[in-house]
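Shown below: target.cif, with mmCIF, C-alpha atoms.
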data_protein
loop_
_atom_site.label_atom_id
_atom_site.label_comp_id
_atom_site.auth_asym_id
_atom_site.auth_seq_id
_atom_site.Cartn_x
_atom_site.Cartn_y
_atom_site.Cartn_z
CA MET A 18 -5.10 -7.73 -51.40
CA MET A 19 -8.02 -5.40 -50.89
CA LEU A 20 -11.05 -6.87 -49.11
CA GLY A 21 -13.96 -4.46 -49.22
CA VAL A 22 -13.28 -0.75 -49.22
CA ALA A 23 -10.45 0.81 -47.23
CA PHE A 24 -12.32 3.06 -44.85
CA PHE A 25 -9.98 5.28 -42.90
CA ALA A 26 -7.19 7.41 -44.32
CA SER A 27 -3.85 6.48 -42.76
CA GLN A 28 -2.19 9.21 -40.76
CA LYS A 29 0.67 9.30 -38.29
CA ASN A 30 -0.38 9.62 -34.68
CA THR A 31 2.15 10.13 -31.94
CA VAL A 32 -0.27 9.77 -29.01
CA GLN A 33 0.74 6.72 -26.99
CA ALA A 34 -2.19 6.55 -24.56
CA ALA A 35 -4.40 3.46 -24.65
CA VAL A 36 -7.12 3.68 -27.28
CA VAL A 37 -9.57 0.96 -26.25
CA SER A 38 -11.25 1.52 -22.90
CA THR A 39 -12.17 -1.45 -20.70
CA SER A 40 -13.47 0.57 -17.77
CA HIS A 41 -17.15 0.51 -18.77
CA GLN A 42 -19.59 -2.13 -19.92
CA LYS A 43 -21.46 -0.64 -22.87
CA TYR A 44 -18.81 -0.67 -25.57
CA SER A 45 -20.96 0.99 -28.22
CA TYR A 46 -20.81 1.00 -32.01
CA GLY A 47 -19.84 4.67 -31.98
CA GLU A 48 -16.93 4.03 -29.62
CA TYR A 49 -15.89 0.97 -31.62
CA LYS A 50 -15.85 2.96 -34.87
CA LYS A 51 -13.84 5.76 -33.25
CA ASP A 52 -11.31 3.29 -31.83
CA LEU A 53 -10.85 1.63 -35.24
CA LYS A 54 -9.98 4.97 -36.76
CA GLN A 55 -7.52 5.80 -33.98
CA LEU A 56 -5.80 2.43 -34.21
CA GLN A 57 -5.35 2.66 -37.96
CA ASN A 58 -4.01 6.20 -37.63
CA LYS A 59 -1.64 5.11 -34.88
CA TYR A 60 -0.38 1.95 -36.66
CA PRO A 61 -0.86 2.59 -40.40
CA GLU A 62 1.97 0.26 -41.44
CA TYR A 63 0.58 -2.77 -39.60
CA CYS A 64 -3.18 -2.31 -39.59
CA GLN A 65 -5.74 -2.13 -42.38
CA VAL A 66 -9.44 -1.48 -41.77
CA ASN A 67 -11.97 -2.39 -44.45
CA VAL A 68 -15.72 -2.17 -44.74
CA ILE A 69 -17.01 -5.59 -45.82
CA GLY A 70 -20.72 -4.79 -45.87
CA GLN A 71 -23.59 -3.24 -43.99
CA SER A 72 -25.98 -4.56 -41.37
CA ALA A 73 -29.75 -4.60 -41.78
CA ASP A 74 -29.91 -1.13 -40.18
CA ASP A 75 -27.05 0.13 -42.37
CA ARG A 76 -24.21 0.04 -39.87
CA ASP A 77 -20.84 -0.72 -41.42
CA LEU A 78 -19.30 -4.14 -40.81
CA TYR A 79 -15.54 -3.85 -40.35
CA GLU A 80 -12.65 -6.18 -41.02
CA VAL A 81 -9.30 -5.39 -39.37
CA ILE A 82 -6.21 -6.97 -40.94
CA LEU A 83 -3.08 -7.23 -38.79
CA GLY A 84 0.18 -7.89 -40.59
CA ASN A 85 0.78 -8.78 -44.21
CA PRO A 86 -2.43 -8.81 -46.29
CA GLU A 87 -0.50 -10.64 -49.02
CA ALA A 88 0.53 -13.49 -46.69
CA LYS A 89 -0.05 -17.04 -47.87
CA LYS A 90 -1.70 -17.97 -44.57
CA HIS A 91 -4.59 -16.25 -42.79
CA LEU A 92 -6.28 -16.61 -39.41
CA VAL A 93 -9.83 -15.27 -39.02
CA VAL A 94 -11.35 -14.06 -35.74
CA ILE A 95 -15.08 -13.31 -35.48
CA ALA A 96 -16.99 -12.00 -32.47
CA ASN A 97 -20.35 -10.60 -31.38
CA LEU A 98 -22.56 -12.78 -33.60
CA HIS A 99 -24.94 -12.63 -30.66
CA ALA A 100 -26.05 -9.14 -29.73
CA ARG A 101 -25.85 -9.31 -25.95
CA GLU A 102 -22.31 -10.76 -26.16
CA TYR A 103 -20.74 -7.42 -27.01
CA MET A 104 -17.90 -7.82 -24.51
CA THR A 105 -16.34 -10.04 -27.19
CA THR A 106 -16.00 -6.93 -29.37
CA GLN A 107 -14.25 -5.12 -26.54
CA LEU A 108 -11.93 -8.11 -26.02
CA CYS A 109 -11.02 -8.32 -29.72
CA MET A 110 -10.35 -4.60 -29.92
CA LYS A 111 -8.09 -4.80 -26.88
CA GLN A 112 -6.25 -7.76 -28.44
CA ILE A 113 -5.80 -5.79 -31.67
CA GLU A 114 -4.38 -2.81 -29.79
CA TYR A 115 -2.07 -5.03 -27.73
CA TYR A 116 -0.69 -6.95 -30.72
CA LEU A 117 -0.11 -3.72 -32.65
CA GLY A 118 1.69 -2.22 -29.68
CA GLN A 119 3.88 -5.33 -29.45
CA TYR A 120 4.44 -5.54 -33.20
CA ASN A 121 8.23 -5.17 -33.08
CA LYS A 122 8.58 -6.98 -29.77
CA LYS A 123 8.36 -10.61 -28.72
CA ILE A 124 5.50 -12.60 -27.26
CA SER A 125 6.40 -16.05 -25.94
CA GLY A 126 9.85 -15.72 -27.51
CA LYS A 127 8.62 -14.93 -31.03
CA LYS A 128 8.73 -11.54 -32.69
CA VAL A 129 5.16 -10.53 -33.46
CA SER A 130 6.10 -8.94 -36.79
CA ASP A 131 7.68 -12.20 -37.98
CA VAL A 132 4.51 -14.14 -37.14
CA LEU A 133 2.17 -11.62 -38.79
CA ASP A 134 4.30 -11.41 -41.91
CA LYS A 135 3.56 -15.10 -42.51
CA VAL A 136 0.08 -15.38 -40.99
CA ALA A 137 -2.18 -12.33 -41.38
CA ILE A 138 -4.93 -12.04 -38.79
CA HIS A 139 -8.36 -10.88 -39.98
CA TYR A 140 -10.66 -9.69 -37.20
CA VAL A 141 -14.36 -8.94 -37.48
CA PRO A 142 -14.83 -7.65 -33.92
CA SER A 143 -18.54 -6.92 -34.30
CA CYS A 144 -20.62 -9.11 -36.59
CA ASN A 145 -23.92 -7.87 -35.15
CA PRO A 146 -23.77 -4.11 -34.49
CA ASP A 147 -27.55 -3.65 -34.80
CA GLY A 148 -28.30 -6.30 -32.21
CA THR A 149 -25.68 -4.80 -29.92
CA ALA A 150 -27.35 -1.41 -30.19
CA ILE A 151 -30.65 -3.06 -29.23
CA SER A 152 -29.11 -4.84 -26.24
CA GLN A 153 -27.39 -1.68 -25.04
CA TYR A 154 -29.99 1.01 -25.76
CA GLY A 155 -33.28 -0.68 -26.63
CA PHE A 156 -35.33 -0.99 -29.82
CA ASN A 157 -35.29 2.77 -30.41
CA ALA A 158 -31.58 2.43 -31.26
CA ILE A 159 -32.71 0.96 -34.61
CA ARG A 160 -33.02 3.87 -37.01
CA ASN A 161 -35.10 2.22 -39.73
CA LYS A 162 -38.75 2.85 -38.79
CA SER A 163 -40.05 -0.34 -40.39
CA LEU A 164 -37.45 -2.54 -38.68
CA ARG A 165 -38.07 -0.80 -35.37
CA ALA A 166 -41.84 -1.30 -35.57
CA GLN A 167 -41.42 -5.01 -36.40
CA LEU A 168 -38.94 -5.52 -33.55
CA LYS A 169 -41.37 -4.13 -31.01
CA ARG A 170 -43.86 -6.83 -31.99
CA MET A 171 -41.34 -9.66 -31.58
CA PRO A 172 -40.88 -11.69 -28.38
CA GLY A 173 -37.87 -11.10 -26.17
CA SER A 174 -36.29 -8.47 -23.94
CA SER A 175 -34.18 -5.85 -25.69
CA ARG A 176 -31.48 -6.02 -23.00
CA THR A 177 -30.90 -9.76 -23.51
CA TRP A 178 -31.44 -9.65 -27.29
CA LYS A 179 -29.32 -12.19 -29.22
CA ALA A 180 -30.57 -11.73 -32.79
CA ASN A 181 -29.99 -9.03 -35.39
CA ALA A 182 -32.40 -6.20 -36.23
CA ARG A 183 -34.54 -8.61 -38.27
CA GLY A 184 -35.00 -11.05 -35.39
CA VAL A 185 -32.62 -13.66 -36.86
CA ASP A 186 -29.97 -15.51 -34.85
CA LEU A 187 -26.77 -14.84 -36.81
CA ASN A 188 -25.09 -17.93 -35.40
CA ARG A 189 -27.83 -20.12 -36.92
CA ASN A 190 -28.07 -18.60 -40.39
CA TRP A 191 -25.17 -20.36 -42.13
CA ASP A 192 -25.36 -22.64 -45.15
CA VAL A 193 -24.59 -25.96 -43.51
CA ALA A 194 -27.33 -28.52 -42.77
CA PHE A 195 -29.66 -25.52 -42.60
CA ARG A 196 -33.30 -25.96 -41.72
CA LYS A 197 -35.94 -23.41 -40.75
CA SER A 198 -36.71 -23.29 -37.06
CA GLY A 199 -38.24 -20.88 -34.59
CA THR A 200 -39.90 -17.51 -35.06
CA ARG A 201 -38.46 -14.02 -35.34
CA GLY A 202 -37.47 -12.60 -31.99
CA SER A 203 -34.65 -12.33 -29.49
CA ALA A 204 -33.28 -15.83 -30.02
CA GLY A 205 -33.59 -19.08 -31.94
CA PHE A 206 -34.90 -18.06 -35.37
CA ARG A 207 -32.54 -19.38 -38.03
CA GLY A 208 -33.93 -17.25 -40.85
CA THR A 209 -36.13 -17.90 -43.85
CA LYS A 210 -33.19 -19.50 -45.68
CA ALA A 211 -29.45 -20.02 -45.24
CA ALA A 212 -27.40 -16.81 -45.39
CA SER A 213 -30.54 -14.72 -45.67
CA GLU A 214 -29.05 -11.96 -43.51
CA PRO A 215 -26.80 -9.15 -44.82
CA GLU A 216 -24.31 -9.68 -42.00
CA ILE A 217 -23.80 -13.35 -42.92
CA LYS A 218 -23.61 -12.54 -46.62
CA ALA A 219 -20.80 -10.08 -45.85
CA LEU A 220 -18.88 -12.59 -43.73
CA VAL A 221 -19.19 -15.34 -46.33
CA LYS A 222 -17.98 -12.99 -49.07
CA MET A 223 -15.02 -11.94 -46.92
CA ILE A 224 -14.06 -15.57 -46.25
CA ASP A 225 -14.27 -16.39 -49.95
CA GLN A 226 -12.11 -13.40 -50.86
CA ILE A 227 -9.45 -14.33 -48.31
CA GLN A 228 -9.36 -17.84 -49.74
CA GLU A 229 -8.74 -16.40 -53.19
CA GLN A 230 -5.60 -14.80 -51.75
CA GLY A 231 -4.28 -17.68 -49.66
CA LYS A 232 -5.15 -20.37 -47.16
CA ILE A 233 -7.28 -19.77 -44.08
CA VAL A 234 -5.48 -21.89 -41.50
CA GLY A 235 -8.09 -21.45 -38.79
CA VAL A 236 -11.03 -19.53 -37.36
CA VAL A 237 -11.40 -18.36 -33.76
CA SER A 238 -14.99 -17.49 -32.84
CA TYR A 239 -15.66 -15.57 -29.64
CA HIS A 240 -18.89 -15.97 -27.66
CA SER A 241 -19.64 -15.10 -24.05
CA THR A 242 -21.24 -17.69 -21.78
CA GLY A 243 -19.78 -20.59 -19.83
CA SER A 244 -15.96 -20.34 -19.84
CA ILE A 245 -15.89 -23.28 -22.24
CA ILE A 246 -14.36 -24.25 -25.60
CA TYR A 247 -15.96 -25.97 -28.55
CA GLY A 248 -13.06 -27.75 -30.20
CA LYS A 249 -14.24 -31.26 -31.01
CA CYS A 250 -15.21 -32.29 -34.55
CA ALA A 251 -17.89 -34.65 -35.81
CA SER A 252 -17.12 -37.46 -38.26
CA GLN A 253 -17.85 -35.16 -41.22
CA ALA A 254 -14.55 -33.33 -40.61
CA THR A 255 -11.49 -34.38 -42.59
CA SER A 256 -8.58 -35.84 -40.67
CA GLN A 257 -6.51 -32.70 -41.35
CA VAL A 258 -9.26 -30.37 -40.10
CA ARG A 259 -9.67 -32.54 -37.00
CA LYS A 260 -5.92 -32.55 -36.34
CA GLN A 261 -5.49 -28.78 -36.70
CA THR A 262 -8.65 -28.01 -34.72
CA THR A 263 -7.29 -30.16 -31.90
CA ARG A 264 -4.04 -28.20 -31.94
CA MET A 265 -6.00 -24.95 -31.79
CA TYR A 266 -8.24 -25.91 -28.89
CA LYS A 267 -5.34 -27.35 -26.89
CA MET A 268 -3.44 -24.09 -27.28
CA ALA A 269 -6.48 -22.03 -26.25
CA GLN A 270 -7.25 -24.35 -23.35
CA SER A 271 -3.68 -24.12 -22.04
CA LEU A 272 -4.03 -20.32 -21.86
CA THR A 273 -7.62 -19.97 -20.67
CA GLY A 274 -8.31 -23.09 -18.65
CA TYR A 275 -11.74 -23.28 -20.29
CA ARG A 276 -13.50 -26.65 -20.25
CA LEU A 277 -13.73 -28.57 -23.54
CA MET A 278 -17.26 -29.37 -24.66
CA PRO A 279 -18.33 -32.56 -26.47
CA THR A 280 -19.03 -32.65 -30.20
CA GLU A 281 -22.37 -31.35 -31.40
CA SER A 282 -23.98 -33.28 -34.23
CA LEU A 283 -24.95 -31.48 -37.40
CA LYS A 284 -28.56 -32.41 -36.69
CA ILE A 285 -28.40 -30.23 -33.58
CA ALA A 286 -25.96 -27.60 -34.84
CA GLY A 287 -27.25 -27.20 -38.40
CA GLY A 288 -26.91 -23.64 -39.63
CA CYS A 289 -24.21 -22.79 -37.07
CA SER A 290 -21.09 -20.82 -37.94
CA ARG A 291 -18.54 -23.26 -36.52
CA GLU A 292 -20.03 -26.17 -38.43
CA TYR A 293 -20.01 -24.09 -41.61
CA PHE A 294 -16.27 -23.57 -41.29
CA LEU A 295 -15.47 -27.13 -40.24
CA TYR A 296 -17.61 -29.11 -42.65
CA LYS A 297 -18.56 -26.81 -45.55
CA LYS A 298 -15.31 -24.85 -45.89
CA LYS A 299 -13.00 -27.45 -44.32
CA ILE A 300 -11.33 -24.84 -42.11
CA PRO A 301 -10.25 -25.66 -38.53
CA CYS A 302 -12.37 -23.69 -36.07
CA ILE A 303 -12.72 -23.27 -32.32
CA THR A 304 -15.34 -21.34 -30.35
CA LEU A 305 -14.44 -19.78 -27.02
CA GLU A 306 -17.13 -18.77 -24.53
CA ILE A 307 -15.34 -16.20 -22.36
CA GLY A 308 -17.63 -15.30 -19.45
CA ARG A 309 -18.91 -16.90 -16.27
CA ASN A 310 -22.21 -15.10 -15.79
CA ALA A 311 -25.30 -14.39 -17.85
CA CYS A 312 -25.02 -11.88 -20.71
CA PRO A 313 -24.59 -9.01 -21.04
CA LEU A 314 -21.44 -9.62 -18.99
CA GLY A 315 -20.60 -7.07 -16.31
CA ILE A 316 -17.37 -5.12 -16.76
CA GLY A 317 -16.09 -6.68 -13.54
CA GLU A 318 -15.42 -9.88 -15.51
CA PHE A 319 -13.19 -8.22 -18.06
CA SER A 320 -9.88 -8.33 -16.16
CA SER A 321 -10.11 -12.10 -15.73
CA ILE A 322 -11.21 -12.58 -19.33
CA TRP A 323 -8.34 -10.42 -20.55
CA ARG A 324 -5.74 -12.25 -18.49
CA LYS A 325 -6.86 -15.56 -19.99
CA ASN A 326 -7.35 -14.42 -23.59
CA LYS A 327 -4.66 -11.76 -24.01
CA ASN A 328 -2.34 -14.00 -26.04
CA VAL A 329 -4.84 -16.51 -27.44
CA VAL A 330 -5.07 -15.17 -30.99
CA ILE A 331 -1.38 -14.47 -31.55
CA LYS A 332 -0.50 -17.88 -30.10
CA GLU A 333 -2.99 -19.51 -32.47
CA ALA A 334 -1.27 -17.71 -35.36
CA MET A 335 2.08 -19.02 -34.09
CA LEU A 336 0.83 -22.57 -34.59
CA PHE A 337 0.87 -21.94 -38.33
CA ASP A 338 3.79 -19.56 -38.98
#
Now, as a test, write the supplied structure out as structure tokens.
Amino acid sequence: MMLGVAFFASQKNTVQAAVVSTSHQKYSYGEYKKDLKQLQNKYPEYCQVNVIGQSADDRDLYEVILGNPEAKKHLVVIANLHAREYMTTQLCMKQIEYYLGQYNKKISGKKVSDVLDKVAIHYVPSCNPDGTAISQYGFNAIRNKSLRAQLKRMPGSSRTWKANARGVDLNRNWDVAFRKSGTRGSAGFRGTKAASEPEIKALVKMIDQIQEQGKIVGVVSYHSTGSIIYGKCASQATSQVRKQTTRMYKMAQSLTGYRLMPTESLKIAGGCSREYFLYKKKIPCITLEIGRNACPLGIGEFSSIWRKNKNVVIKEAMLFD
């Protein structure tokens, strides 16, 4: 299966040093792109990197497939829908590197290669690279002059920016119980219509293409604030979705210790990504909020976050292999 366009040529790489750095806070788009290339070169047999679309400011959106792209089952991991939550990109990239390094070894008694042969993992480590650039480097990081001029007229601090480069909250722009709300700016604006943003269009297209290949058994969505899990389902969820979502959150909770949050109604959560997966696509989905402090998270939190989340995604895949 080929989702998007294969971006990096596969080459052998014998360097065994760690690729993804977790020693600094501002994990930038440039570093992310460089690390993707290195990981695919280092693990060409187990890792495929595709471009699934472009952001509003023409940054590539990447999908990383671990394991067998032709598998009948697929697990999807998305992160960094909110700009200032870019530590989730760093976490996902470190998970990717760790699982690739352990590919022919065992985690929790199971050989990683056996799991990923049956359940391919599709990561989108950065769903909002434009917003991340704003949060890290300010509005001048946006290259398009028109977008940049509009951003400077919108409310909200660049450092704590949540939206994309068009002032739209990418976690509120999904086609499920969508309604217009808010105004363009750092946070809260759902968009002029559902899936109006290029980043959401790309994610929806990717999900649809994966479903043409096989079954998406679950979605793990990474956010940053609260050390909590959203794993409950409203009555609109099917019994099977509710059952599998419960299995997913219990697994994640056992590893992270994060507190389970109550169900959000569609009236409150309309347009949100998790509700789109649960109720529109009928795919089990959990959201993990990894940090304790306000975003952007300081790098001092990473070691604790890593210890708790290191095995979360591979263990979620194990639930379905």
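With CA of Ser238 (chain A) on one side and CA of Met171 (chain A) on the other, the separation reads 27.5 Å.
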* To do: Using only C-alpha atoms, pick whichever of A:Asp74, A:Glu214, A:Asp338, A:Glu114 has the shortest atom-to-atom distance to Lys135 (chain A).
  => A:Asp338
* To do: Measure the distance from CA of Val141 (chain A) to CA of Ile300 (chain A) in Å and round it to one decimal.
  =>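 So the two atoms, CA of Val141 (chain A) and CA of Ile300 (chain A), lie 16.8 Å apart.
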* Can you list, as number ranges by chain, the residues that the PyMOL selection byres ((chain A and resi 228-232) around 10) selects here? -> A: 18-20, 86-92, 136, 222-227, 233-235, 298, 300
Would you put the residues from that selection into a file with C-alpha atoms, as a PDB file, in the frame of the given file?
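The file below, result_30.pdb, is the result:
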ATOM      1  CA  MET A  18      -5.100  -7.730 -51.400  1.00  0.00           C
ATOM      2  CA  MET A  19      -8.020  -5.400 -50.890  1.00  0.00           C
ATOM      3  CA  LEU A  20     -11.050  -6.870 -49.110  1.00  0.00           C
ATOM      4  CA  PRO A  86      -2.430  -8.810 -46.290  1.00  0.00           C
ATOM      5  CA  GLU A  87      -0.500 -10.640 -49.020  1.00  0.00           C
ATOM      6  CA  ALA A  88       0.530 -13.490 -46.690  1.00  0.00           C
ATOM      7  CA  LYS A  89      -0.050 -17.040 -47.870  1.00  0.00           C
ATOM      8  CA  LYS A  90      -1.700 -17.970 -44.570  1.00  0.00           C
ATOM      9  CA  HIS A  91      -4.590 -16.250 -42.790  1.00  0.00           C
ATOM     10  CA  LEU A  92      -6.280 -16.610 -39.410  1.00  0.00           C
ATOM     11  CA  VAL A 136       0.080 -15.380 -40.990  1.00  0.00           C
ATOM     12  CA  LYS A 222     -17.980 -12.990 -49.070  1.00  0.00           C
ATOM     13  CA  MET A 223     -15.020 -11.940 -46.920  1.00  0.00           C
ATOM     14  CA  ILE A 224     -14.060 -15.570 -46.250  1.00  0.00           C
ATOM     15  CA  ASP A 225     -14.270 -16.390 -49.950  1.00  0.00           C
ATOM     16  CA  GLN A 226     -12.110 -13.400 -50.860  1.00  0.00           C
ATOM     17  CA  ILE A 227      -9.450 -14.330 -48.310  1.00  0.00           C
ATOM     18  CA  ILE A 233      -7.280 -19.770 -44.080  1.00  0.00           C
ATOM     19  CA  VAL A 234      -5.480 -21.890 -41.500  1.00  0.00           C
ATOM     20  CA  GLY A 235      -8.090 -21.450 -38.790  1.00  0.00           C
ATOM     21  CA  LYS A 298     -15.310 -24.850 -45.890  1.00  0.00           C
ATOM     22  CA  ILE A 300     -11.330 -24.840 -42.110  1.00  0.00           C
TER      23      ILE A 300
END
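Taking all atoms listed in the file into account, Ser40 (chain A) lies nearest to A:Gly317 out of the set A:Asn310, A:Asp134, A:Gly317, A:Met335.
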* **Atomic separation - CA of Leu272 (chain A) relative to CA of Gly248 (chain A), Å** =>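 These atoms are spaced 14.4 Å apart.
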* To do: Mind checking which residues fall within 8 Å of Gln42 (chain A), counting only C-alpha atoms, ignoring those fewer than 3 positions away in the same chain, and posting them as a ChimeraX atom specification?
  => /A:39,104,314-316
Keeping C-alpha atoms for every residue in the selection just given, could you write it to a file as a PDB file, keeping the file's coordinate frame?
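The resulting file, result-v1.pdb, is reproduced below:
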ATOM      1  CA  THR A  39     -12.170  -1.450 -20.700  1.00  0.00           C
ATOM      2  CA  MET A 104     -17.900  -7.820 -24.510  1.00  0.00           C
ATOM      3  CA  LEU A 314     -21.440  -9.620 -18.990  1.00  0.00           C
ATOM      4  CA  GLY A 315     -20.600  -7.070 -16.310  1.00  0.00           C
ATOM      5  CA  ILE A 316     -17.370  -5.120 -16.760  1.00  0.00           C
TER       6      ILE A 316
END
* **Long-range neighbours of Thr200 (chain A) as a count of residues only, 12 Å cut-off, all atoms listed in the file, 5 positions minimum in chain** => 14
Kindly output region 84-104 of chain A as a PDB file, in the frame of the given file, after building N, CA, C and O atoms.
ATOM      1  N   GLY A  84      -0.937  -7.251 -39.909  1.00  0.00           N
ATOM      2  CA  GLY A  84       0.180  -7.890 -40.590  1.00  0.00           C
ATOM      3  C   GLY A  84       0.111  -7.770 -42.092  1.00  0.00           C
ATOM      4  O   GLY A  84      -0.398  -6.786 -42.640  1.00  0.00           O
ATOM      5  N   ASN A  85       0.584  -8.785 -42.767  1.00  0.00           N
ATOM      6  CA  ASN A  85       0.780  -8.780 -44.210  1.00  0.00           C
ATOM      7  C   ASN A  85      -0.467  -9.265 -44.949  1.00  0.00           C
ATOM      8  O   ASN A  85      -0.737 -10.470 -44.976  1.00  0.00           O
ATOM      9  N   PRO A  86      -1.230  -8.375 -45.575  1.00  0.00           N
ATOM     10  CA  PRO A  86      -2.430  -8.810 -46.290  1.00  0.00           C
ATOM     11  C   PRO A  86      -2.141  -9.772 -47.429  1.00  0.00           C
ATOM     12  O   PRO A  86      -3.034 -10.495 -47.880  1.00  0.00           O
ATOM     13  N   GLU A  87      -0.878  -9.772 -47.912  1.00  0.00           N
ATOM     14  CA  GLU A  87      -0.500 -10.640 -49.020  1.00  0.00           C
ATOM     15  C   GLU A  87       0.080 -11.976 -48.538  1.00  0.00           C
ATOM     16  O   GLU A  87       0.604 -12.754 -49.334  1.00  0.00           O
ATOM     17  N   ALA A  88      -0.005 -12.236 -47.237  1.00  0.00           N
ATOM     18  CA  ALA A  88       0.530 -13.490 -46.690  1.00  0.00           C
ATOM     19  C   ALA A  88      -0.159 -14.691 -47.329  1.00  0.00           C
ATOM     20  O   ALA A  88      -1.298 -14.598 -47.812  1.00  0.00           O
ATOM     21  N   LYS A  89       0.531 -15.821 -47.317  1.00  0.00           N
ATOM     22  CA  LYS A  89      -0.050 -17.040 -47.870  1.00  0.00           C
ATOM     23  C   LYS A  89      -0.997 -17.729 -46.893  1.00  0.00           C
ATOM     24  O   LYS A  89      -1.811 -18.566 -47.286  1.00  0.00           O
ATOM     25  N   LYS A  90      -0.864 -17.366 -45.601  1.00  0.00           N
ATOM     26  CA  LYS A  90      -1.700 -17.970 -44.570  1.00  0.00           C
ATOM     27  C   LYS A  90      -2.479 -16.876 -43.845  1.00  0.00           C
ATOM     28  O   LYS A  90      -1.963 -15.779 -43.628  1.00  0.00           O
ATOM     29  N   HIS A  91      -3.715 -17.229 -43.425  1.00  0.00           N
ATOM     30  CA  HIS A  91      -4.590 -16.250 -42.790  1.00  0.00           C
ATOM     31  C   HIS A  91      -5.358 -16.908 -41.647  1.00  0.00           C
ATOM     32  O   HIS A  91      -5.833 -18.048 -41.784  1.00  0.00           O
ATOM     33  N   LEU A  92      -5.470 -16.182 -40.543  1.00  0.00           N
ATOM     34  CA  LEU A  92      -6.280 -16.610 -39.410  1.00  0.00           C
ATOM     35  C   LEU A  92      -7.433 -15.619 -39.272  1.00  0.00           C
ATOM     36  O   LEU A  92      -7.222 -14.403 -39.315  1.00  0.00           O
ATOM     37  N   VAL A  93      -8.645 -16.120 -39.114  1.00  0.00           N
ATOM     38  CA  VAL A  93      -9.830 -15.270 -39.020  1.00  0.00           C
ATOM     39  C   VAL A  93     -10.391 -15.324 -37.601  1.00  0.00           C
ATOM     40  O   VAL A  93     -10.486 -16.407 -37.002  1.00  0.00           O
ATOM     41  N   VAL A  94     -10.746 -14.161 -37.072  1.00  0.00           N
ATOM     42  CA  VAL A  94     -11.350 -14.060 -35.740  1.00  0.00           C
ATOM     43  C   VAL A  94     -12.678 -13.331 -35.876  1.00  0.00           C
ATOM     44  O   VAL A  94     -12.723 -12.210 -36.408  1.00  0.00           O
ATOM     45  N   ILE A  95     -13.764 -13.957 -35.425  1.00  0.00           N
ATOM     46  CA  ILE A  95     -15.080 -13.310 -35.480  1.00  0.00           C
ATOM     47  C   ILE A  95     -15.653 -13.236 -34.064  1.00  0.00           C
ATOM     48  O   ILE A  95     -15.396 -14.102 -33.227  1.00  0.00           O
ATOM     49  N   ALA A  96     -16.433 -12.193 -33.803  1.00  0.00           N
ATOM     50  CA  ALA A  96     -16.990 -12.000 -32.470  1.00  0.00           C
ATOM     51  C   ALA A  96     -18.343 -11.303 -32.581  1.00  0.00           C
ATOM     52  O   ALA A  96     -18.680 -10.718 -33.618  1.00  0.00           O
ATOM     53  N   ASN A  97     -19.110 -11.377 -31.480  1.00  0.00           N
ATOM     54  CA  ASN A  97     -20.350 -10.600 -31.380  1.00  0.00           C
ATOM     55  C   ASN A  97     -21.387 -11.014 -32.427  1.00  0.00           C
ATOM     56  O   ASN A  97     -22.162 -10.192 -32.884  1.00  0.00           O
ATOM     57  N   LEU A  98     -21.444 -12.306 -32.778  1.00  0.00           N
ATOM     58  CA  LEU A  98     -22.560 -12.780 -33.600  1.00  0.00           C
ATOM     59  C   LEU A  98     -23.863 -12.634 -32.838  1.00  0.00           C
ATOM     60  O   LEU A  98     -24.910 -12.353 -33.419  1.00  0.00           O
ATOM     61  N   HIS A  99     -23.781 -12.815 -31.518  1.00  0.00           N
ATOM     62  CA  HIS A  99     -24.940 -12.630 -30.660  1.00  0.00           C
ATOM     63  C   HIS A  99     -24.889 -11.257 -30.020  1.00  0.00           C
ATOM     64  O   HIS A  99     -23.870 -10.852 -29.447  1.00  0.00           O
ATOM     65  N   ALA A 100     -25.996 -10.553 -30.095  1.00  0.00           N
ATOM     66  CA  ALA A 100     -26.050  -9.140 -29.730  1.00  0.00           C
ATOM     67  C   ALA A 100     -25.580  -8.850 -28.318  1.00  0.00           C
ATOM     68  O   ALA A 100     -24.727  -7.985 -28.088  1.00  0.00           O
ATOM     69  N   ARG A 101     -26.123  -9.595 -27.358  1.00  0.00           N
ATOM     70  CA  ARG A 101     -25.850  -9.310 -25.950  1.00  0.00           C
ATOM     71  C   ARG A 101     -24.426  -9.696 -25.544  1.00  0.00           C
ATOM     72  O   ARG A 101     -23.997  -9.417 -24.432  1.00  0.00           O
ATOM     73  N   GLU A 102     -23.665 -10.313 -26.462  1.00  0.00           N
ATOM     74  CA  GLU A 102     -22.310 -10.760 -26.160  1.00  0.00           C
ATOM     75  C   GLU A 102     -21.276  -9.754 -26.638  1.00  0.00           C
ATOM     76  O   GLU A 102     -20.209 -10.097 -27.145  1.00  0.00           O
ATOM     77  N   TYR A 103     -21.590  -8.476 -26.451  1.00  0.00           N
ATOM     78  CA  TYR A 103     -20.740  -7.420 -27.010  1.00  0.00           C
ATOM     79  C   TYR A 103     -19.419  -7.247 -26.286  1.00  0.00           C
ATOM     80  O   TYR A 103     -18.530  -6.547 -26.795  1.00  0.00           O
ATOM     81  N   MET A 104     -19.228  -7.890 -25.127  1.00  0.00           N
ATOM     82  CA  MET A 104     -17.900  -7.820 -24.510  1.00  0.00           C
ATOM     83  C   MET A 104     -16.853  -8.512 -25.389  1.00  0.00           C
ATOM     84  O   MET A 104     -15.657  -8.229 -25.286  1.00  0.00           O
TER      85      MET A 104
END
